[in-house]
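Structure file final_35.txt with compact mmCIF, C-alpha atoms (C1' of nucleotides):
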# COMPACT_ATOMS: atom_id res chain seq x y z
CA MET A 1 0.00 0.00 0.00
CA GLY A 2 2.59 2.62 0.96
CA ILE A 3 0.57 4.60 3.46
CA THR A 4 1.59 4.76 7.12
CA LYS A 5 -1.15 3.51 9.46
CA SER A 6 -0.89 6.38 11.93
CA GLU A 7 -4.13 5.42 13.65
CA LYS A 8 -2.47 2.31 15.04
CA PHE A 9 -0.06 4.38 17.09
CA SER A 10 -0.19 6.83 19.97
CA GLU A 11 -0.11 10.58 19.56
CA GLU A 12 3.38 10.59 21.04
CA GLN A 13 4.70 7.90 18.70
CA ASN A 14 3.40 9.77 15.66
CA GLN A 15 4.84 13.01 16.99
CA ILE A 16 8.30 11.50 17.44
CA ALA A 17 8.16 9.98 13.95
CA ASN A 18 7.12 13.32 12.43
CA ILE A 19 9.93 15.22 14.07
CA ALA A 20 12.37 12.50 12.99
CA LYS A 21 11.12 12.83 9.42
CA ALA A 22 12.18 16.47 9.39
CA PHE A 23 15.72 15.40 10.23
CA ALA A 24 15.68 12.37 7.93
CA HIS A 25 17.25 14.09 4.93
CA PRO A 26 20.81 15.47 4.90
CA ALA A 27 19.71 18.60 3.03
CA ARG A 28 17.34 19.51 5.84
CA VAL A 29 20.02 18.73 8.42
CA ALA A 30 22.38 21.02 6.49
CA ILE A 31 19.77 23.78 6.27
CA LEU A 32 19.11 23.69 10.00
CA GLN A 33 22.84 23.69 10.80
CA GLN A 34 23.36 26.65 8.51
CA LEU A 35 20.49 28.56 10.08
CA PHE A 36 22.03 28.02 13.51
CA LYS A 37 25.51 28.91 12.30
CA MET A 38 24.42 32.10 10.54
CA ASN A 39 21.60 32.72 12.98
CA ALA A 40 19.48 33.56 9.91
CA CYS A 41 19.90 32.91 6.23
CA ILE A 42 18.66 34.16 2.90
CA CYS A 43 17.19 31.36 0.79
CA GLY A 44 19.62 32.10 -2.04
CA ASP A 45 22.58 31.67 0.30
CA LEU A 46 21.31 28.22 1.25
CA VAL A 47 21.06 27.29 -2.42
CA ALA A 48 24.67 28.40 -2.92
CA GLU A 49 25.92 26.69 0.25
CA ILE A 50 24.16 23.38 -0.32
CA GLY A 51 24.66 22.14 -3.88
CA LEU A 52 21.04 21.41 -4.82
CA ALA A 53 18.78 23.23 -7.24
CA GLN A 54 16.75 26.17 -6.01
CA PRO A 55 13.33 24.45 -6.29
CA THR A 56 14.68 21.51 -4.29
CA ILE A 57 15.89 23.73 -1.46
CA SER A 58 12.61 25.62 -1.56
CA GLN A 59 10.76 22.35 -1.14
CA HIS A 60 12.88 21.29 1.86
CA LEU A 61 12.38 24.72 3.42
CA LYS A 62 8.64 24.32 2.99
CA GLU A 63 8.67 21.00 4.84
CA LEU A 64 10.61 22.49 7.72
CA LYS A 65 8.24 25.45 7.77
CA ASN A 66 5.19 23.19 7.77
CA LEU A 67 6.51 21.46 10.86
CA GLY A 68 7.11 24.88 12.41
CA LEU A 69 10.83 24.34 12.94
CA ILE A 70 11.73 27.42 10.89
CA LYS A 71 10.06 30.66 9.89
CA GLY A 72 10.65 32.94 6.92
CA ASN A 73 10.55 36.72 6.75
CA VAL A 74 10.19 38.43 3.39
CA GLU A 75 12.86 41.09 2.88
CA GLY A 76 12.33 42.75 -0.45
CA THR A 77 12.74 40.15 -3.16
CA SER A 78 14.50 37.70 -0.90
CA VAL A 79 13.33 35.67 2.10
CA CYS A 80 15.23 35.45 5.37
CA TYR A 81 14.82 32.12 7.14
CA CYS A 82 15.52 31.41 10.78
CA ILE A 83 14.93 28.79 13.46
CA ASN A 84 11.67 28.95 15.39
CA GLU A 85 13.22 28.61 18.82
CA GLU A 86 10.06 27.66 20.71
CA VAL A 87 9.24 24.82 18.34
CA TRP A 88 12.86 23.68 18.30
CA GLU A 89 12.90 23.57 22.07
CA THR A 90 9.66 21.58 22.28
CA SER A 91 10.79 19.14 19.59
CA LYS A 92 14.11 18.74 21.33
CA GLU A 93 12.42 17.87 24.60
CA ILE A 94 10.16 15.30 22.99
CA PHE A 95 13.06 13.73 21.16
CA THR A 96 15.47 13.82 24.06
CA SER A 97 13.10 12.01 26.37
CA PHE A 98 12.70 9.35 23.67
CA LEU A 99 16.47 9.01 23.35
CA ASP A 100 16.88 8.91 27.13
CA GLN A 101 14.75 5.78 27.48
CA ASP A 102 17.90 3.75 28.01
CA SER A 103 18.45 5.36 31.43
CA ASN A 104 15.40 3.52 32.84
CA ALA A 105 16.25 0.17 31.25
CA LYS A 106 17.67 -2.69 33.26
CA SER A 107 20.03 -4.07 30.62
CA LEU A 108 19.84 -7.82 31.03
CA CYS A 109 19.10 -9.02 27.56
CA CYS A 110 18.97 -12.40 25.88
CA MET B 1 14.92 11.31 -9.83
CA GLY B 2 13.92 10.51 -6.26
CA ILE B 3 17.41 9.64 -5.07
CA THR B 4 19.06 11.51 -2.22
CA LYS B 5 22.34 13.14 -3.27
CA SER B 6 24.34 11.99 -0.26
CA GLU B 7 27.64 12.99 -1.85
CA LYS B 8 26.70 16.64 -1.49
CA PHE B 9 26.69 16.38 2.28
CA SER B 10 29.16 15.72 5.07
CA GLU B 11 29.60 12.36 6.75
CA GLU B 12 28.00 13.81 9.87
CA GLN B 13 24.98 15.18 8.05
CA ASN B 14 24.33 11.84 6.39
CA GLN B 15 24.79 10.06 9.68
CA ILE B 16 22.25 12.26 11.45
CA ALA B 17 19.77 11.79 8.59
CA ASN B 18 20.22 8.01 8.68
CA ILE B 19 19.61 7.78 12.41
CA ALA B 20 16.58 10.04 12.02
CA LYS B 21 15.24 7.75 9.31
CA ALA B 22 15.19 4.87 11.78
CA PHE B 23 12.93 6.93 14.05
CA ALA B 24 10.84 8.32 11.20
CA HIS B 25 8.10 5.71 11.34
CA PRO B 26 5.75 5.25 14.33
CA ALA B 27 5.98 1.45 14.08
CA ARG B 28 9.74 1.60 14.60
CA VAL B 29 9.29 4.07 17.45
CA ALA B 30 6.78 1.67 19.00
CA ILE B 31 9.10 -1.30 18.55
CA LEU B 32 12.00 0.50 20.23
CA GLN B 33 9.79 1.65 23.11
CA GLN B 34 8.51 -1.88 23.58
CA LEU B 35 12.05 -3.29 23.58
CA PHE B 36 13.04 -0.82 26.28
CA LYS B 37 9.88 -1.48 28.29
CA MET B 38 10.18 -5.25 28.13
CA ASN B 39 13.95 -5.17 28.01
CA ALA B 40 13.70 -7.84 25.30
CA CYS B 41 10.88 -9.01 23.14
CA ILE B 42 9.89 -11.97 21.02
CA CYS B 43 9.01 -10.96 17.47
CA GLY B 44 5.54 -12.50 17.80
CA ASP B 45 4.81 -10.37 20.86
CA LEU B 46 5.64 -7.25 18.88
CA VAL B 47 3.24 -8.33 16.12
CA ALA B 48 0.51 -8.79 18.75
CA GLU B 49 1.30 -5.53 20.54
CA ILE B 50 1.52 -3.34 17.42
CA GLY B 51 -1.39 -3.97 15.09
CA LEU B 52 0.49 -4.56 11.83
CA ALA B 53 0.93 -7.77 9.87
CA GLN B 54 3.83 -10.04 10.71
CA PRO B 55 5.79 -9.42 7.48
CA THR B 56 5.49 -5.67 8.05
CA ILE B 57 6.90 -5.89 11.57
CA SER B 58 9.63 -8.19 10.31
CA GLN B 59 10.59 -5.59 7.73
CA HIS B 60 10.76 -2.79 10.31
CA LEU B 61 12.85 -5.01 12.57
CA LYS B 62 15.23 -5.64 9.69
CA GLU B 63 15.74 -1.93 9.12
CA LEU B 64 16.48 -1.35 12.80
CA LYS B 65 18.87 -4.31 12.75
CA ASN B 66 20.63 -3.03 9.63
CA LEU B 67 21.31 0.23 11.42
CA GLY B 68 22.59 -1.75 14.39
CA LEU B 69 20.10 -0.27 16.85
CA ILE B 70 18.74 -3.70 17.78
CA LYS B 71 19.98 -7.27 17.73
CA GLY B 72 18.11 -10.54 17.54
CA ASN B 73 18.87 -13.84 19.23
CA VAL B 74 17.32 -17.02 17.90
CA GLU B 75 15.60 -19.00 20.66
CA GLY B 76 14.18 -22.16 19.22
CA THR B 77 11.58 -21.23 16.64
CA SER B 78 11.23 -17.69 17.88
CA VAL B 79 13.60 -14.72 17.85
CA CYS B 80 14.28 -12.52 20.85
CA TYR B 81 15.04 -8.92 19.97
CA CYS B 82 16.73 -6.36 22.16
CA ILE B 83 18.36 -2.94 22.03
CA ASN B 84 22.03 -2.78 21.09
CA GLU B 85 23.05 -0.47 23.90
CA GLU B 86 26.40 0.61 22.48
CA VAL B 87 24.88 1.68 19.16
CA TRP B 88 21.97 3.34 20.93
CA GLU B 89 24.38 5.32 23.09
CA THR B 90 26.46 6.44 20.12
CA SER B 91 23.39 7.39 18.09
CA LYS B 92 22.01 9.26 21.06
CA GLU B 93 25.18 11.29 21.42
CA ILE B 94 25.27 12.20 17.75
CA PHE B 95 21.64 13.21 17.79
CA THR B 96 21.77 15.06 21.09
CA SER B 97 24.65 17.24 19.98
CA PHE B 98 22.65 18.07 16.85
CA LEU B 99 19.60 18.97 18.92
CA ASP B 100 21.74 21.02 21.33
CA GLN B 101 22.89 23.40 18.61
CA ASP B 102 20.51 26.03 19.94
CA SER B 103 22.65 26.46 23.07
CA ASN B 104 25.41 28.07 21.00
CA ALA B 105 23.09 30.30 18.98
CA LYS B 106 22.76 34.00 19.63
CA SER B 107 19.04 34.34 18.97
CA LEU B 108 18.66 37.68 17.24
CA CYS B 109 16.75 36.85 14.12
CA CYS B 110 15.13 38.85 11.33
C1' DT C 1 6.38 50.86 -17.15
C1' DC C 2 10.06 47.64 -18.06
C1' DT C 3 13.72 44.75 -16.52
C1' DA C 4 16.30 42.14 -13.36
C1' DT C 5 16.33 39.47 -9.14
C1' DT C 6 14.64 36.23 -6.01
C1' DT C 7 11.60 32.71 -4.36
C1' DA C 8 7.47 29.66 -4.85
C1' DT C 9 4.79 26.56 -7.45
C1' DC C 10 3.71 23.23 -11.10
C1' DG C 11 4.54 19.22 -13.56
C1' DT C 12 6.93 15.23 -14.13
C1' DA C 13 10.33 11.42 -13.72
C1' DA C 14 12.87 8.38 -10.83
C1' DT C 15 13.39 6.14 -6.67
C1' DA C 16 12.03 4.85 -1.86
C1' DT C 17 8.83 3.39 1.57
C1' DT C 18 4.93 1.02 3.46
C1' DG C 19 1.97 -2.89 3.82
C1' DC C 20 0.56 -7.49 3.21
C1' DA C 21 -0.64 -12.20 1.02
C1' DA C 22 1.76 -16.12 -0.18
C1' DT C 23 5.38 -18.86 0.74
C1' DA C 24 9.87 -20.43 2.18
C1' DA C 25 12.96 -21.51 5.94
C1' DA C 26 14.18 -23.03 10.45
C1' DC C 27 13.22 -25.26 14.43
C1' DT C 28 10.50 -28.27 18.02
C1' DA C 29 8.01 -31.98 19.47
C1' DA C 30 5.48 -36.07 18.73
C1' DT D 1 9.70 -38.30 9.52
C1' DT D 2 5.69 -35.45 9.97
C1' DA D 3 2.99 -31.75 11.72
C1' DG D 4 2.87 -27.49 14.02
C1' DT D 5 5.02 -23.00 15.23
C1' DT D 6 7.52 -18.95 14.34
C1' DT D 7 10.08 -15.76 11.55
C1' DA D 8 12.14 -14.26 7.05
C1' DT D 9 11.70 -13.54 2.26
C1' DT D 10 9.42 -12.72 -2.14
C1' DG D 11 6.45 -10.28 -5.06
C1' DC D 12 3.54 -6.81 -5.80
C1' DA D 13 0.48 -2.62 -5.33
C1' DA D 14 -0.15 1.89 -3.46
C1' DT D 15 1.72 5.92 -1.80
C1' DA D 16 5.58 9.10 -0.52
C1' DT D 17 9.84 11.36 -1.34
C1' DT D 18 13.46 13.51 -3.93
C1' DA D 19 15.03 16.29 -7.62
C1' DC D 20 14.76 19.66 -11.12
C1' DG D 21 13.26 22.30 -15.52
C1' DA D 22 9.89 25.55 -16.63
C1' DT D 23 7.34 29.09 -15.14
C1' DA D 24 4.69 32.11 -12.16
C1' DA D 25 4.66 35.61 -8.56
C1' DA D 26 6.51 39.34 -6.00
C1' DT D 27 9.44 43.09 -5.42
C1' DA D 28 13.17 46.65 -6.39
C1' DG D 29 15.25 49.81 -9.20
C1' DA D 30 15.93 52.21 -13.65

Translate the structure of the given file into structure tokens.
Amino acid sequence: MGITKSEKFSEEQNQIANIAKAFAHPARVAILQQLFKMNACICGDLVAEIGLAQPTISQHLKELKNLGLIKGNVEGTSVCYCINEEVWETSKEIFTSFLDQDSNAKSLCC
Amino acid sequence: MGITKSEKFSEEQNQIANIAKAFAHPARVAILQQLFKMNACICGDLVAEIGLAQPTISQHLKELKNLGLIKGNVEGTSVCYCINEEVWETSKEIFTSFLDQDSNAKSLCC
DNA sequence: TCTATTTATCGTAATATTGCAATAAACTAA
DNA sequence: TTAGTTTATTGCAATATTACGATAAATAGA
């Protein structure tokens, strides 16, 4: 079929998977790193920095924006993108607590 | 095209994206949570717990195993899966340092 | 207004992912 | 050996993702 059966899983499980999806492509990882490094970034600069075509970068930016991880401010003909710190923080907390599961585990496996 | 241009990105960026991909489906999130909760789990129990068909679960388990996040021990006719703690720890560190980028940022955006 | 610049959207092709029925493979127990 | 149990693999259909050329949309400046 090819469609994820989200209804079989908890809200939290779907949330974790959705956040992970945002990070599941190196171009989006690179975009986020660049936004942190520069603290803000014109779309065109991202296209130059990362070696993909402009429509491709635009598409990745849209996905990150849809998830709320970044926001874009129009500045004349160009658009300045930056991290949405509140959403980043929330996502980080959700993800960190998932990654920290091992602290509670007993570690006596088969 | 549809193929990710990995060669355009750093080793680290690809690594982060690959780990994220493992977490990018709620079934795999559920499997990992169950393995932590039970500390080990027979494949059949995972099929019962999560509501997907056995071949589907088997496929998700294979992906997690390929990444090294879990390992499976054959026990008679069944297979006991558990978290590979070393790989989990390493993956966690890589991912956490990515998520912690915001600590270094100045936060004065457009 | 006209032109240049920048970004978004559309359309499309190629590839990847998800899901499962059918079946094979591996093992246990009778 | 045979039957039953459990998991992996195969094959396939449906959907999602990735990438980019062409083009539209929006704005700035001449």

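Interatomic distance, atom CA of A:Gly2 against atom CA of A:Glu63: 19.7 Å.
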
Within 12 Å of chain B, which residues of chain C show up? Give each one with its shortest atom-to-atom distance in Å (one decimal) and the two atoms involved, counting only C-alpha atoms (C1' of nucleotides), rows by chain then rising residue number, as a Markdown table.
| residue | atom | partner | partner_atom | distance |
| --- | --- | --- | --- | --- |
| C:DT12 | C1' | B:Met1 | CA | 9.9 |
| C:DA13 | C1' | B:Met1 | CA | 6.0 |
| C:DA14 | C1' | B:Met1 | CA | 3.7 |
| C:DT15 | C1' | B:Gly2 | CA | 4.4 |
| C:DA16 | C1' | B:Gly2 | CA | 7.4 |
| C:DT17 | C1' | B:His25 | CA | 10.1 |
| C:DT18 | C1' | B:Thr56 | CA | 8.1 |
| C:DG19 | C1' | B:Thr56 | CA | 6.2 |
| C:DC20 | C1' | B:Ala53 | CA | 6.7 |
| C:DA21 | C1' | B:Pro55 | CA | 9.5 |
| C:DA22 | C1' | B:Pro55 | CA | 10.9 |
| C:DT23 | C1' | B:Pro55 | CA | 11.6 |
| C:DA25 | C1' | B:Thr77 | CA | 10.8 |
| C:DA26 | C1' | B:Thr77 | CA | 7.0 |
| C:DC27 | C1' | B:Thr77 | CA | 4.9 |
| C:DT28 | C1' | B:Gly76 | CA | 7.2 |
| C:DA29 | C1' | B:Gly76 | CA | 11.6 |

(request) For chain A, work out the contacting residues on chain B at 9 Å, counting all atoms listed in the file, and write them as a ChimeraX atom specification. (result) /B:4-6,8-10,12-30,33,36-40,50-52,72-73,80-83,85,88-89,91-92,95-96,98-102,104-110

Compute the set of chain D residues within 6 Å of chain B, using all atoms listed in the file, and express it as a PDB file with C-alpha atoms (C1' of nucleotides), in the coordinates of the input.
ATOM      1  C1'  DT D   6       7.520 -18.950  14.340  1.00  0.00           C
ATOM      2  C1'  DT D  18      13.460  13.510  -3.930  1.00  0.00           C
ATOM      3  C1'  DA D  19      15.030  16.290  -7.620  1.00  0.00           C
TER       4       DA D  19
END

(message) Report, in Å to a single decimal, how far apart atom CA of A:Glu49 and atom CA of A:Lys65 are.
(response)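 Straight-line distance from atom CA of A:Lys65 to atom CA of A:Glu49 works out to 19.3 Å.
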
(request) For atom C1' of C:DT9 and atom C1' of D:DT23, determine how far apart the two atoms are, in Å to one decimal place. (result)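 Distance between the two atoms: 8.5 Å.
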
(message) Set the distance at 12 Å and use all atoms listed in the file: which residues neighbour D:DA24 once local chain neighbours fewer than 6 positions away are removed? I'd like the list as a PyMOL selection string.
(response) chain C and resi 7-10
